>>> print(open('my_file00.pdb').read())   # PDB, C-alpha atoms
ATOM      1  CA  MET M   1      -5.698   5.420  22.075  1.00  0.00           C
ATOM      2  CA  ASP M   2      -4.533   6.315  18.576  1.00  0.00           C
ATOM      3  CA  LEU M   3      -4.921   3.440  16.106  1.00  0.00           C
ATOM      4  CA  THR M   4      -2.001   3.940  13.741  1.00  0.00           C
ATOM      5  CA  PHE M   5       1.014   1.940  12.615  1.00  0.00           C
ATOM      6  CA  LYS M   6       4.116   2.263  10.467  1.00  0.00           C
ATOM      7  CA  VAL M   7       6.048  -0.473   8.648  1.00  0.00           C
ATOM      8  CA  SER M   8       9.257  -0.092   6.657  1.00  0.00           C
ATOM      9  CA  ALA M   9      11.575  -2.042   4.370  1.00  0.00           C
ATOM     10  CA  ARG M  10      14.751  -1.431   2.443  1.00  0.00           C
ATOM     11  CA  ILE M  11      14.481  -2.247  -1.257  1.00  0.00           C
ATOM     12  CA  GLY M  12      17.693  -2.853  -3.212  1.00  0.00           C
ATOM     13  CA  LYS M  13      16.858  -0.497  -6.078  1.00  0.00           C
ATOM     14  CA  PRO M  14      17.047   3.282  -6.660  1.00  0.00           C
ATOM     15  CA  VAL M  15      14.171   5.409  -5.385  1.00  0.00           C
ATOM     16  CA  ALA M  16      12.880   6.276  -8.898  1.00  0.00           C
ATOM     17  CA  GLU M  17      12.472   2.598  -9.768  1.00  0.00           C
ATOM     18  CA  VAL M  18      10.824   1.703  -6.445  1.00  0.00           C
ATOM     19  CA  PHE M  19       8.447   4.679  -6.591  1.00  0.00           C
ATOM     20  CA  GLU M  20       7.384   3.716 -10.126  1.00  0.00           C
ATOM     21  CA  ALA M  21       6.674   0.140  -8.977  1.00  0.00           C
ATOM     22  CA  VAL M  22       4.061   1.557  -6.597  1.00  0.00           C
ATOM     23  CA  ALA M  23       2.625   4.451  -8.657  1.00  0.00           C
ATOM     24  CA  ASN M  24       2.273   2.548 -11.951  1.00  0.00           C
ATOM     25  CA  PRO M  25      -0.811   0.261 -11.976  1.00  0.00           C
ATOM     26  CA  ASN M  26       0.828  -2.214 -14.364  1.00  0.00           C
ATOM     27  CA  GLU M  27       3.753  -2.643 -11.983  1.00  0.00           C
ATOM     28  CA  LEU M  28       1.566  -2.770  -8.846  1.00  0.00           C
ATOM     29  CA  SER M  29      -0.544  -5.507 -10.459  1.00  0.00           C
ATOM     30  CA  ARG M  30       2.551  -7.674 -10.959  1.00  0.00           C
ATOM     31  CA  TYR M  31       3.268  -8.156  -7.262  1.00  0.00           C
ATOM     32  CA  PHE M  32       0.530  -6.704  -4.995  1.00  0.00           C
ATOM     33  CA  THR M  33      -3.006  -6.213  -6.318  1.00  0.00           C
ATOM     34  CA  THR M  34      -3.682  -9.829  -7.226  1.00  0.00           C
ATOM     35  CA  GLY M  35      -6.914  -8.854  -9.001  1.00  0.00           C
ATOM     36  CA  GLY M  36      -5.341  -5.843 -10.706  1.00  0.00           C
ATOM     37  CA  ALA M  37      -4.942  -2.090 -10.320  1.00  0.00           C
ATOM     38  CA  LYS M  38      -6.459   0.537 -12.591  1.00  0.00           C
ATOM     39  CA  GLY M  39      -5.250   4.125 -12.722  1.00  0.00           C
ATOM     40  CA  ARG M  40      -1.897   5.728 -11.986  1.00  0.00           C
ATOM     41  CA  LEU M  41      -1.365   7.159  -8.508  1.00  0.00           C
ATOM     42  CA  GLU M  42      -1.489  10.911  -9.162  1.00  0.00           C
ATOM     43  CA  THR M  43      -2.730  13.721  -6.941  1.00  0.00           C
ATOM     44  CA  GLY M  44      -6.520  13.983  -7.143  1.00  0.00           C
ATOM     45  CA  ALA M  45      -7.057  10.670  -8.958  1.00  0.00           C
ATOM     46  CA  THR M  46      -9.426   7.933  -7.901  1.00  0.00           C
ATOM     47  CA  VAL M  47      -8.025   4.536  -8.819  1.00  0.00           C
ATOM     48  CA  THR M  48      -9.277   1.005  -8.216  1.00  0.00           C
ATOM     49  CA  TRP M  49      -7.520  -1.942  -6.647  1.00  0.00           C
ATOM     50  CA  ASP M  50      -8.736  -5.533  -6.603  1.00  0.00           C
ATOM     51  CA  PHE M  51      -7.432  -8.444  -4.532  1.00  0.00           C
ATOM     52  CA  HIS M  52      -8.314 -12.132  -4.773  1.00  0.00           C
ATOM     53  CA  ASP M  53      -8.449 -12.295  -0.962  1.00  0.00           C
ATOM     54  CA  PHE M  54     -10.927  -9.349  -0.914  1.00  0.00           C
ATOM     55  CA  PRO M  55     -12.721  -9.722  -4.264  1.00  0.00           C
ATOM     56  CA  GLY M  56     -14.360  -6.786  -5.951  1.00  0.00           C
ATOM     57  CA  ALA M  57     -12.500  -3.706  -7.126  1.00  0.00           C
ATOM     58  CA  PHE M  58     -12.735  -0.822  -4.676  1.00  0.00           C
ATOM     59  CA  PRO M  59     -11.824   2.865  -4.932  1.00  0.00           C
ATOM     60  CA  VAL M  60      -8.614   4.376  -3.618  1.00  0.00           C
ATOM     61  CA  TRP M  61      -8.559   8.166  -3.408  1.00  0.00           C
ATOM     62  CA  VAL M  62      -5.161   9.708  -4.101  1.00  0.00           C
ATOM     63  CA  VAL M  63      -4.755  12.745  -1.841  1.00  0.00           C
ATOM     64  CA  GLU M  64      -1.182  13.707  -2.699  1.00  0.00           C
ATOM     65  CA  VAL M  65       1.729  12.474  -4.766  1.00  0.00           C
ATOM     66  CA  VAL M  66       5.183  14.002  -4.568  1.00  0.00           C
ATOM     67  CA  PRO M  67       7.191  12.034  -7.160  1.00  0.00           C
ATOM     68  CA  GLU M  68       9.913   9.851  -5.665  1.00  0.00           C
ATOM     69  CA  LYS M  69       9.103  11.113  -2.142  1.00  0.00           C
ATOM     70  CA  ARG M  70       5.527  10.523  -0.911  1.00  0.00           C
ATOM     71  CA  ILE M  71       2.122   9.066  -1.775  1.00  0.00           C
ATOM     72  CA  VAL M  72      -0.915   9.775   0.415  1.00  0.00           C
ATOM     73  CA  LEU M  73      -4.048   7.676  -0.139  1.00  0.00           C
ATOM     74  CA  GLN M  74      -7.440   7.265   1.464  1.00  0.00           C
ATOM     75  CA  TRP M  75      -9.698   4.245   1.324  1.00  0.00           C
ATOM     76  CA  GLU M  76     -12.690   2.980   3.204  1.00  0.00           C
ATOM     77  CA  ALA M  77     -11.980   1.369   6.533  1.00  0.00           C
ATOM     78  CA  ASN M  78     -12.903  -2.286   6.316  1.00  0.00           C
ATOM     79  CA  ASP M  79     -13.925  -2.754   9.941  1.00  0.00           C
ATOM     80  CA  GLY M  80     -17.566  -3.727   9.591  1.00  0.00           C
ATOM     81  CA  ALA M  81     -18.797  -0.452  11.116  1.00  0.00           C
ATOM     82  CA  SER M  82     -22.357   0.563  10.323  1.00  0.00           C
ATOM     83  CA  SER M  83     -21.242   4.008   9.124  1.00  0.00           C
ATOM     84  CA  ARG M  84     -18.525   4.216   6.526  1.00  0.00           C
ATOM     85  CA  TYR M  85     -15.330   6.179   6.991  1.00  0.00           C
ATOM     86  CA  ARG M  86     -11.849   6.389   5.479  1.00  0.00           C
ATOM     87  CA  THR M  87      -8.353   5.757   6.750  1.00  0.00           C
ATOM     88  CA  THR M  88      -5.262   7.533   5.448  1.00  0.00           C
ATOM     89  CA  VAL M  89      -2.200   5.717   4.124  1.00  0.00           C
ATOM     90  CA  THR M  90       1.091   7.597   3.776  1.00  0.00           C
ATOM     91  CA  MET M  91       3.971   6.022   1.858  1.00  0.00           C
ATOM     92  CA  THR M  92       7.402   7.620   1.914  1.00  0.00           C
ATOM     93  CA  PHE M  93      10.396   6.826  -0.289  1.00  0.00           C
ATOM     94  CA  GLU M  94      13.888   7.745   0.931  1.00  0.00           C
ATOM     95  CA  PRO M  95      17.092   7.170  -1.058  1.00  0.00           C
ATOM     96  CA  LEU M  96      19.805   5.550   1.035  1.00  0.00           C
ATOM     97  CA  ASP M  97      23.548   6.154   0.674  1.00  0.00           C
ATOM     98  CA  ASP M  98      24.112   2.591  -0.561  1.00  0.00           C
ATOM     99  CA  GLY M  99      21.689   2.968  -3.517  1.00  0.00           C
ATOM    100  CA  ARG M 100      18.779   1.216  -1.824  1.00  0.00           C
ATOM    101  CA  THR M 101      15.413   2.819  -1.009  1.00  0.00           C
ATOM    102  CA  LEU M 102      13.734   2.936   2.393  1.00  0.00           C
ATOM    103  CA  VAL M 103       9.973   2.607   1.919  1.00  0.00           C
ATOM    104  CA  SER M 104       7.762   3.370   4.919  1.00  0.00           C
ATOM    105  CA  ILE M 105       3.990   2.932   5.039  1.00  0.00           C
ATOM    106  CA  ALA M 106       1.852   4.394   7.821  1.00  0.00           C
ATOM    107  CA  GLU M 107      -1.919   4.079   8.155  1.00  0.00           C
ATOM    108  CA  GLU M 108      -4.177   5.974  10.546  1.00  0.00           C
ATOM    109  CA  GLY M 109      -7.749   6.957  11.172  1.00  0.00           C
ATOM    110  CA  TRP M 110      -9.529   3.847  12.471  1.00  0.00           C
ATOM    111  CA  ARG M 111     -12.229   4.269  15.015  1.00  0.00           C
ATOM    112  CA  GLU M 112     -11.142   3.363  18.497  1.00  0.00           C
ATOM    113  CA  THR M 113     -13.273   0.243  18.729  1.00  0.00           C
ATOM    114  CA  GLU M 114     -12.555  -3.463  18.901  1.00  0.00           C
ATOM    115  CA  THR M 115     -13.396  -3.829  15.197  1.00  0.00           C
ATOM    116  CA  GLY M 116     -11.248  -0.798  14.335  1.00  0.00           C
ATOM    117  CA  LEU M 117      -8.322  -2.312  16.220  1.00  0.00           C
ATOM    118  CA  LYS M 118      -8.782  -5.669  14.506  1.00  0.00           C
ATOM    119  CA  ALA M 119      -8.983  -4.016  11.062  1.00  0.00           C
ATOM    120  CA  SER M 120      -5.827  -2.005  11.757  1.00  0.00           C
ATOM    121  CA  TYR M 121      -3.956  -5.235  12.600  1.00  0.00           C
ATOM    122  CA  GLY M 122      -5.134  -6.777   9.329  1.00  0.00           C
ATOM    123  CA  ASN M 123      -4.003  -3.781   7.309  1.00  0.00           C
ATOM    124  CA  CYS M 124      -0.659  -3.661   9.115  1.00  0.00           C
ATOM    125  CA  GLN M 125      -0.144  -7.284   8.093  1.00  0.00           C
ATOM    126  CA  GLY M 126      -1.200  -6.492   4.520  1.00  0.00           C
ATOM    127  CA  TRP M 127       1.161  -3.526   4.151  1.00  0.00           C
ATOM    128  CA  MET M 128       4.100  -5.506   5.520  1.00  0.00           C
ATOM    129  CA  GLN M 129       3.251  -8.253   3.042  1.00  0.00           C
ATOM    130  CA  MET M 130       3.146  -5.615   0.284  1.00  0.00           C
ATOM    131  CA  LEU M 131       6.651  -4.448   1.213  1.00  0.00           C
ATOM    132  CA  CYS M 132       7.969  -8.028   1.216  1.00  0.00           C
ATOM    133  CA  ALA M 133       6.322  -8.644  -2.169  1.00  0.00           C
ATOM    134  CA  LEU M 134       7.763  -5.366  -3.530  1.00  0.00           C
ATOM    135  CA  LYS M 135      11.255  -6.385  -2.385  1.00  0.00           C
ATOM    136  CA  ALA M 136      11.004  -9.870  -3.921  1.00  0.00           C
ATOM    137  CA  TYR M 137       9.615  -8.438  -7.169  1.00  0.00           C
ATOM    138  CA  LYS M 138      12.131  -5.617  -7.620  1.00  0.00           C
ATOM    139  CA  GLU M 139      15.223  -7.476  -6.422  1.00  0.00           C
ATOM    140  CA  TYR M 140      14.549 -11.009  -7.720  1.00  0.00           C
ATOM    141  CA  GLY M 141      11.658 -10.821 -10.228  1.00  0.00           C
ATOM    142  CA  ILE M 142       9.479 -13.038  -8.021  1.00  0.00           C
ATOM    143  CA  ASN M 143       5.746 -12.516  -7.400  1.00  0.00           C
ATOM    144  CA  LEU M 144       5.256 -13.738  -3.813  1.00  0.00           C
ATOM    145  CA  ARG M 145       1.472 -13.352  -4.018  1.00  0.00           C
ATOM    146  CA  GLU M 146       0.999 -15.413  -7.210  1.00  0.00           C
ATOM    147  CA  GLY M 147      -1.534 -18.134  -6.414  1.00  0.00           C
ATOM    148  CA  MET M 148      -1.568 -17.243  -2.737  1.00  0.00           C
ATOM    149  CA  PHE M 149      -5.253 -16.336  -2.490  1.00  0.00           C
ATOM    150  CA  LYS M 150      -6.987 -18.343  -5.219  1.00  0.00           C
TER     151      LYS M 150
END
>>> encode(input="my_file00.pdb", output="structure tokens")
Amino acid sequence: MDLTFKVSARIGKPVAEVFEAVANPNELSRYFTTGGAKGRLETGATVTWDFHDFPGAFPVWVVEVVPEKRIVLQWEANDGASSRYRTTVTMTFEPLDDGRTLVSIAEEGWRETETGLKASYGNCQGWMQMLCALKAYKEYGINLREGMFK
């Protein structure tokens, strides 16, 4: 069993604009990290993200950034395991012929346990929610997560 998933969405903006909405902490804080993001997503950086539904800023290790193409992150698996470990998140940005951007997010690396499976489901839900929030923010100027968790 390989605990991994991939979610995708088409965002009605050019790839440069969509990529910046994810890489720039000020932008990310406007629609996703309800408690704020600190630090730009750049190769080798360690940034922090905070969410009202999971309070307390936590580190995100930026493994690789290829501008307007890919972001690879690692963060601690939140599965309640006694020993800590990281999962890997890969975001890809593909320009589409109609001017939109296809954003795909894959996450892998959970332990093959009941708690690992449950945590992977939670993160899959969270990343799909992030893509919906990104779409609403970039296309309509709406923050879907405003007031949702506090």
>>> residues_near_point(input="my_file00.pdb", point="(14.3, 9.4, -2.6)", cutoff="12 Å", atoms="all atoms listed in the file", output="count of residues only")
28
>>> residues_near_point(input="my_file00.pdb", point="(-6.5, 6.6, 11.7)", cutoff="12 Å", atoms="all atoms listed in the file", output="ChimeraX atom specification")
/M:1-6,74-77,85-90,106-113,116-117,119-120,123
>>> resolve_selection(input="my_file00.pdb", expression="the PyMOL selection byres ((chain M and resi 38-52) around 9)", output="JSON, numbers by chain")
{"M": [22, 23, 24, 25, 26, 29, 32, 33, 34, 35, 36, 37, 53, 54, 55, 56, 57, 58, 59, 60, 61, 62, 63, 64, 65, 66, 67, 71, 72, 73, 148, 149, 150]}
>>> resolve_selection(input="my_file00.pdb", expression="the PyMOL selection byres ((chain M and resi 140-142) around 12)", output="list in words")
Ile11, Gly12, Lys13, Glu27, Arg30, Tyr31, Phe32, Cys132, Ala133, Leu134, Lys135, Ala136, Tyr137, Lys138, Glu139, Asn143, Leu144, Arg145 and Glu146 of chain M
>>> atom_distance(input="my_file00.pdb", atom1="CA of Met128 (chain M)", atom2="CA of Ala9 (chain M)")
8.3 Å
>>> atom_distance(input="my_file00.pdb", atom1="CA of Asn78 (chain M)", atom2="CA of Ala21 (chain M)")
25.0 Å
>>> atom_distance(input="my_file00.pdb", atom1="CA of Thr115 (chain M)", atom2="CA of Asp79 (chain M)")
5.4 Å
>>> axis_aligned_box(input="my_file00.pdb", around="region 71-82 of chain M", padding_each_side="5 Å", output="lines of an AutoDock Vina configuration file")
center_x = -10.1
center_y = 3.0
center_z = 4.7
size_x = 34.5
size_y = 23.5
size_z = 22.9
>>> closest_residue(input="my_file00.pdb", among="M:Tyr121, M:Gly147, M:Glu114, M:Gly126", to="Gly80 (chain M)", atoms="only C-alpha atoms")
M:Glu114
